[in-house]
Amino acid sequence: MFDPDSAIAFRTYTNYVHAWKVHTTTVRPDHHSLQTLQAATNAGQLSETVRSHLWRGELTLRLMTTPPPASFSRIAPIAALWVPVQAYYAVHGLGSAALLAVGQSLPQNHTAFRKAMAQLIRQFFSPDLAVIFQVQPNAGTQRSFRHLSLSMDQCRAQSHLETVTELNCGSIVGKSLLTTYDASIEEKLTEQRRRLPSGRSRLSPGTRATVESQAAAVSVIDFLWRMRIRSNYEDPKMFVHAAWEPESAVSFCKDLTTLTERVCAELKLIVQRRIGAASLDALVASVS
């Protein structure tokens with residue numbers, strides 16, 4: 001049955017993903033701070049843990065990119081529910097490998113992973129993909145974007161359903177991060193309300209400010225996680241709606257696959273800087 005709310009939600013996320021695709025470009029390894037990452041003294045050697053995460057991410061990415069373009073019109077309405085999950089886990093596998101390659105410990109949960117990835121993105125990603133929404137607790141929880149010239153008023157005013165162009169794609173990317181941040185804050189506040197003693201229905205004054213002051217920065221990884229959660233748990237009807245809009249479903253699947261490939265390419269460059277291009281190429285080629 002056609003659901004107008006699901007239709008709006010699906011079009012919103014289709015727009016968000018397309019905005020990320022338009023805003024980002026192919027990876028430019030000579031233009032970003034990977035040059036500051038020193039090659040490992042044991043170049044070419046990689047622990048089995050790093051190797052397994054790299055293989056996991058690369059294999060998941062391969063599964064996303066395997067269907068030939070001609071088949072998209074047939075499978076896209078179904079794949080729209082599947083692709084967001086694969087996109088996050090492709091990034092999770094290669095992101096875990098990249099974190100280990102730069103000497104960080106492996107995060108123990110998805111919250112810690114996304115927080116660690118935001119820091120990795122700050123350090124090593126190309127500016128187009130390194131857009132981050134952040135709150136500065138020492139400045140009265142001032143909100144701002146990194147690598148995006150966009151005020152909060154401009155971001156709030158940007159329609160999430162406006163046709164994406166090269167002129168407004170940055171604003172819509174910012175909107176995707178801001179709404180992801182807002183959703184995470186509301187989730188935390190809802191959890192605190194559940195813990196209130198019997199008879200109390202309101203949180204103490206200043207609770208929101210305290211929660212926001214403790215919030216982590218939000219990156220493209222958080223946006224991918226948000227879609228993965230909605231696809232699996234919170235709002236699967238939104239992606240099931242793709243069956244009503246097969247052309248939009250094709251665009252969504254292709255754009256999300258492209259975005260995932262670009263994020264994964266940056267992560268593989270981090271691993272490559274540590275072990276060398278030949279070693280990375282051999283590892284990627286061994287995935288079958």
# chains A, B, ... in the order shown; residues from 1 in each chain; ligands from 1
>>> residues_around(residues="Asp5 in chain A", least_positions_apart="5", cutoff="12 Å", atoms="only C-alpha atoms", output="list in words")
Phe10, Arg11, Thr12, Asp235, Lys237, Met238, Phe239 and His241 of chain A
>>> write_last_selection(atoms="N, CA and C atoms", output="PDB file, in the first residue's frame")
ATOM      1  N   PHE A  10      11.738   8.428   1.800  1.00  0.00           N
ATOM      2  CA  PHE A  10      12.612   7.831   0.783  1.00  0.00           C
ATOM      3  C   PHE A  10      13.189   8.901  -0.134  1.00  0.00           C
ATOM      4  N   ARG A  11      12.365   9.855  -0.544  1.00  0.00           N
ATOM      5  CA  ARG A  11      12.863  10.931  -1.408  1.00  0.00           C
ATOM      6  C   ARG A  11      13.886  11.791  -0.682  1.00  0.00           C
ATOM      7  N   THR A  12      13.682  11.981   0.624  1.00  0.00           N
ATOM      8  CA  THR A  12      14.648  12.754   1.409  1.00  0.00           C
ATOM      9  C   THR A  12      16.018  12.087   1.398  1.00  0.00           C
ATOM     10  N   ASP A 235      12.694   2.226  10.309  1.00  0.00           N
ATOM     11  CA  ASP A 235      11.731   2.615   9.291  1.00  0.00           C
ATOM     12  C   ASP A 235      11.958   1.853   7.988  1.00  0.00           C
ATOM     13  N   LYS A 237       9.878   0.566   6.125  1.00  0.00           N
ATOM     14  CA  LYS A 237       8.853   0.914   5.138  1.00  0.00           C
ATOM     15  C   LYS A 237       9.342   1.994   4.175  1.00  0.00           C
ATOM     16  N   MET A 238      10.238   2.859   4.684  1.00  0.00           N
ATOM     17  CA  MET A 238      10.769   3.924   3.847  1.00  0.00           C
ATOM     18  C   MET A 238      11.471   3.352   2.622  1.00  0.00           C
ATOM     19  N   PHE A 239      12.240   2.274   2.817  1.00  0.00           N
ATOM     20  CA  PHE A 239      12.990   1.681   1.718  1.00  0.00           C
ATOM     21  C   PHE A 239      12.133   0.707   0.912  1.00  0.00           C
ATOM     22  N   HIS A 241       9.248   1.364   0.151  1.00  0.00           N
ATOM     23  CA  HIS A 241       8.532   2.273  -0.748  1.00  0.00           C
ATOM     24  C   HIS A 241       9.216   2.367  -2.118  1.00  0.00           C
TER      25      HIS A 241
END
>>> closest_atom_pairs(of="range 213-271 of chain A", to="range 152-173 of chain A", cutoff="12 Å", atoms="only C-alpha atoms", output="tab-separated table")
residue	atom	partner	partner_atom	distance
A:Val218	CA	A:Val173	CA	11.7
A:Ser219	CA	A:Val173	CA	10.2
A:Val220	CA	A:Val173	CA	9.1
A:Phe223	CA	A:Val173	CA	9.8
>>> write_last_selection(atoms="C-alpha atoms", output="PDB file, in the first residue's frame")
ATOM      1  CA  VAL A 218      29.050  13.690  13.035  1.00  0.00           C
ATOM      2  CA  SER A 219      30.569  12.519   9.740  1.00  0.00           C
ATOM      3  CA  VAL A 220      29.530  10.635   6.624  1.00  0.00           C
ATOM      4  CA  PHE A 223      25.002   9.250   8.059  1.00  0.00           C
TER       5      PHE A 223
END
>>> closest_residue(among="A:Arg262, A:Pro246, A:Ser105, A:Ala278", to="Ser71 in chain A", atoms="only C-alpha atoms")
A:Pro246
>>> atom_distance(atom1="CA of Cys253 in chain A", atom2="CA of Pro236 in chain A")
15.4 Å
>>> select_by_dssp(residues="range 102-217 of chain A", states="helix (DSSP H, G or I)", output="ChimeraX atom specification")
/A:110-124,137-139,152-157,169-194,207-213
>>> closest_residue(among="A:Pro4, A:Gly276, A:Gly174, A:Gly57", to="Leu129 in chain A", atoms="only C-alpha atoms")
A:Gly174
>>> atom_distance(atom1="CA of Val83 in chain A", atom2="CA of Glu234 in chain A")
15.8 Å
>>> atom_distance(atom1="CA of Leu177 in chain A", atom2="CA of Gly103 in chain A")
27.8 Å
>>> closest_residue(among="A:Glu247, A:Glu58, A:Asp3, A:Asp182", to="Gln134 in chain A", atoms="only C-alpha atoms")
A:Asp182
>>> residues_around(residues="Leu100 in chain A", least_positions_apart="4", cutoff="10 Å", atoms="only C-alpha atoms", output="ChimeraX atom specification")
/A:46-47,49-51,53,94-96,104-107,271
>>> residues_around(residues="Phe72 in chain A", least_positions_apart="3", cutoff="9 Å", atoms="only C-alpha atoms", output="count of residues only")
11
>>> residues_around(residues="Glu187 in chain A", least_positions_apart="4", cutoff="12 Å", atoms="only C-alpha atoms", output="ChimeraX atom specification")
/A:180-183,191-194,208,211-212,215,226,234
